[in-house]
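One structure is given here, and the rest of the page talks about it.
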Amino acid sequence: MGLTSNKVLALAILVALLLFAATIWLWPRLARRGWRAMSGRIGLLLVTQLALFAAVGLAANNSFLFYGSWSDLFGQKQDLGVVVDHSAGGKRIKVVEKQKLDVPGGSRPATGGQIQKVVIAGEKSKIDSPAYVYLPPEYFQPKYAKSTFPAALVLTGYPGTAENLLKGLKYPRTAYQQAKAGRMQPMILVMLRPTVAPPRDTECVDIPGGPKAETFFAKDLPKAVSATYRVGTKPQNWGFIGNSTGGYCALKIALHHPEQFAASAGLSAYYKAADDPTTGDLFHGNKKEKNRANLLWSLDHLPQGKSSFLVTTSKEGEGNLKPTLQFIDKVKSPARVSSITLDSGGHNFNTWRREIPPALEWISGRLSAS
């Protein structure tokens with residue numbers, strides 16, 4: 001059973017409860033003096049506390065997915081890096097692994113779709129980043145052999161891991177279920193974290209003398225994906241979605257690049273670039289670029305393209321309610337804006353799992369395959 005398995009969590013909770021009950025039941029017998037009774041009391045307290053901490057830790061990990069597997073938890077992940085050929089005409093996406101979906105018939109791509117672990121090489125940015133690509137079942141069916149598909153770029157928060165999008169937020173499974181229920185069209189998802197120059201938080205900007213993260217996400221990645229998979233190159237073929245830092249990146253890049261992305265969704269997004277020890281000096285005194293990274297400023301001072309935006313917040317639990325309302329107020333035609341406002345919901349996976357199904361349905365409705 002895997003580290004993130006609900007069965008493991010249930011077993012840990014059951015063991016903690018049984019040990020707690022055993023402590024209460026046996027305590028009168030261990031209330032005597034003597035080293036044996038004292039050792040028994042200490043032992044029961046220790047194992048009960050350990051079981052309780054294990055259950056709480058597993059629950060927290062299942063919610064936030066700090067570790068994706070037992071080997072990840074114990075530092076046994078020894079995957080070697082993948083060499084990407086940058087020679088002229090070389091492929092910009094290298095597939096290193098293929099995975100099935102945990103859905104009925106998931107072992108057959110034409111039934112359950114497929115997840116491919118890839119490395120994407122940025123032609124202009126010179127950034128290489130691992131990612132996961134979800135291909136829907138239709139991609140492998142003879143009926144759609146010559147069809148193109150819309151695609152959405154999906155980002156985690158910072159620091160995050162791409163595995164969070166698969167296991168914690170369940171994007172591929174949700175997209176599969178939504179399409180199967182007829183709520184959205186089959187869509188390719190390209191999933192990765194915004195930290196393309198770890199451990200630095202680039203806030204998806206082109207840093208003077210540093211990583212060109214915006215160029216990677218806005219130019220290199222869509223071009224590489226369209227050259228490798230059956231995805232068009234028009235704005236209506238591409239969407240962008242993310243949570244927290246990923247949500248800020250999705251809104252910012254779609255706002256500044258309507259020629260590439262027709263729709264973007266920011267789940268629990270903020271609206272100006274962070275400035276802290278994880279980011280370092282992003283703008284090197286360039287006030288114009290710093291203003292441009294402030295989405296509320298951009299909406300007031302820069303032309304708005306034909307992009308659609310979805311923003312999410314909650315009346316209680318999120319700290320972005322006020323700027324989200326400001327963002328909504330500042331979006332003007334030809335751009336469009338929609339929103340999800342929960343009554344309550346914190347800045348966490350549980351909140352985002354409530355928003356992802358309608359967000360995918362929304363973004364699918366604003367994209368086209370051709």
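Please note that chains go A, B, ... in the order of the structure tokens, that every chain numbers its residues from 1, and that ligands are numbered from 1 in the order shown.
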
**Report entry** A:Pro357 surroundings by only C-alpha atoms, 8 Å radius, close-in-sequence under 2 positions cut, as a VMD selection string
**Finding:** chain A and resid 174 to 175 178 353 to 355 359 to 361

Query raised in the report: Just asking: which residues within stretch 154-292 of chain A are helix (DSSP H, G or I) according to DSSP, as a VMD selection string?
Result: chain A and resid 162 to 168 171 to 180 213 to 228 235 to 237 245 to 256 287 to 292

Requested in this report: Please provide as a list of chain:residue names all residues within 10 Å of A:Ala293, with the sequence filter that same-chain residues fewer than 4 positions apart are discarded (counting only C-alpha atoms).
Outcome: A:Glu203, A:Cys204, A:Val205, A:Tyr248, A:Cys249, A:Lys252, A:Ile253, A:His256, A:Tyr271, A:Lys272, A:Ala273, A:Ala274, A:Phe283, A:Lys287, A:Lys288, A:Glu289, A:Trp297, A:Ser298

Report task. List the neighbours of A:Lys117 out to 8 Å using only C-alpha atoms; skip same-chain residues closer than 6 positions along the sequence, and give me the result as a PyMOL selection string. Result -> chain A and resi 95-99+130-133

Filtering to C-alpha atoms, could you give me those residues as a CSV table (one decimal), in the first residue's frame?
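Okay, result08.csv is ready:
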chain,number,residue,atom,x,y,z
A,95,VAL,CA,9.3,11.1,-22.9
A,96,VAL,CA,11.0,9.2,-20.1
A,97,GLU,CA,8.1,7.2,-18.6
A,98,LYS,CA,4.4,6.3,-19.3
A,99,GLN,CA,1.8,5.7,-16.7
A,130,PRO,CA,10.3,17.9,-16.0
A,131,ALA,CA,6.5,17.7,-16.5
A,132,TYR,CA,3.6,15.3,-16.8
A,133,VAL,CA,1.4,15.2,-19.9

Report task. Any chance you could list, as a count of residues only, the residues in stretch 117-296 of chain A that come up strand (DSSP E) when DSSP is run on the backbone? Result -> 34

Query raised in the report: Which of these residues is nearest to A:Pro104, using only C-alpha atoms: A:Asn286, A:Gln177, A:Asn164, A:Ser5?
Result: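 For A:Pro104, the nearest of the candidates is A:Gln177.
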
Query raised in the report: So how far away is atom CA of A:Ala224 from atom CA of A:Ala121, in Å?
Result: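 That distance, rounded to one decimal, is 7.8 Å.
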
**Report entry** Selection near A:Ala54, 10 Å with only C-alpha atoms, sequence-local residues under 4 positions removed, as a ChimeraX atom specification
**Finding:** /A:9,12-13,15-16,48-50,58-60

Selection file, C-alpha atoms, as a PDB file, in the first residue's frame:
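Output (part37.pdb):
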ATOM      1  CA  LEU A   9      -4.398   6.301   6.556  1.00  0.00           C
ATOM      2  CA  ALA A  12      -3.048   4.217  11.057  1.00  0.00           C
ATOM      3  CA  ILE A  13      -6.190   5.784  12.544  1.00  0.00           C
ATOM      4  CA  VAL A  15      -4.216   1.426  15.268  1.00  0.00           C
ATOM      5  CA  ALA A  16      -4.168   4.774  17.132  1.00  0.00           C
ATOM      6  CA  THR A  48      -0.031   5.537  21.472  1.00  0.00           C
ATOM      7  CA  GLN A  49       1.619   8.909  20.860  1.00  0.00           C
ATOM      8  CA  LEU A  50       3.609   7.527  17.930  1.00  0.00           C
ATOM      9  CA  LEU A  58      -0.375  10.740   7.053  1.00  0.00           C
ATOM     10  CA  ALA A  59      -3.540  12.854   6.976  1.00  0.00           C
ATOM     11  CA  ALA A  60      -1.496  16.030   6.475  1.00  0.00           C
TER      12      ALA A  60
END

Query raised in the report: Can you tell me, as a ChimeraX atom specification, what residues are no more than 12 Å from A:Glu138 when counting only C-alpha atoms, ignoring any on the same chain fewer than 3 positions away?
Result: /A:108-114,134-135,141-149,176,179-180,185-188,230

**Report entry** Counting only C-alpha atoms, the residue of A:Pro199, A:Phe240, A:Glu316, A:Val331 that sits nearest A:Asp300
**Finding:**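 Looking only at the distances to A:Asp300, the closest residue turns out to be A:Val331.
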
Query raised in the report: So which one's closest to A:Ala335, A:Gly157, A:Pro277, A:Gly305, A:Gly317? Using only C-alpha atoms, please.
Result: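 Of all the options, A:Gly305 lies closest to A:Ala335.
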
Requested in this report: Determine, counting only C-alpha atoms, which protein, DNA and RNA residues have an atom within 12 Å of an atom of A:Trp352; residues of the same chain fewer than 6 positions away are not included. Present the result as a count of residues only.
Outcome: 34

Query raised in the report: So how many Å separate atom CA of A:Lys126 and atom CA of A:Leu255, to one decimal?
Result: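 Computing it gives 23.3 Å between the two atoms.
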
Requested in this report: Work out how far atom CA of A:Gly122 is from atom CA of A:Asp220, in Å to one decimal.
Outcome: 5.0 Å
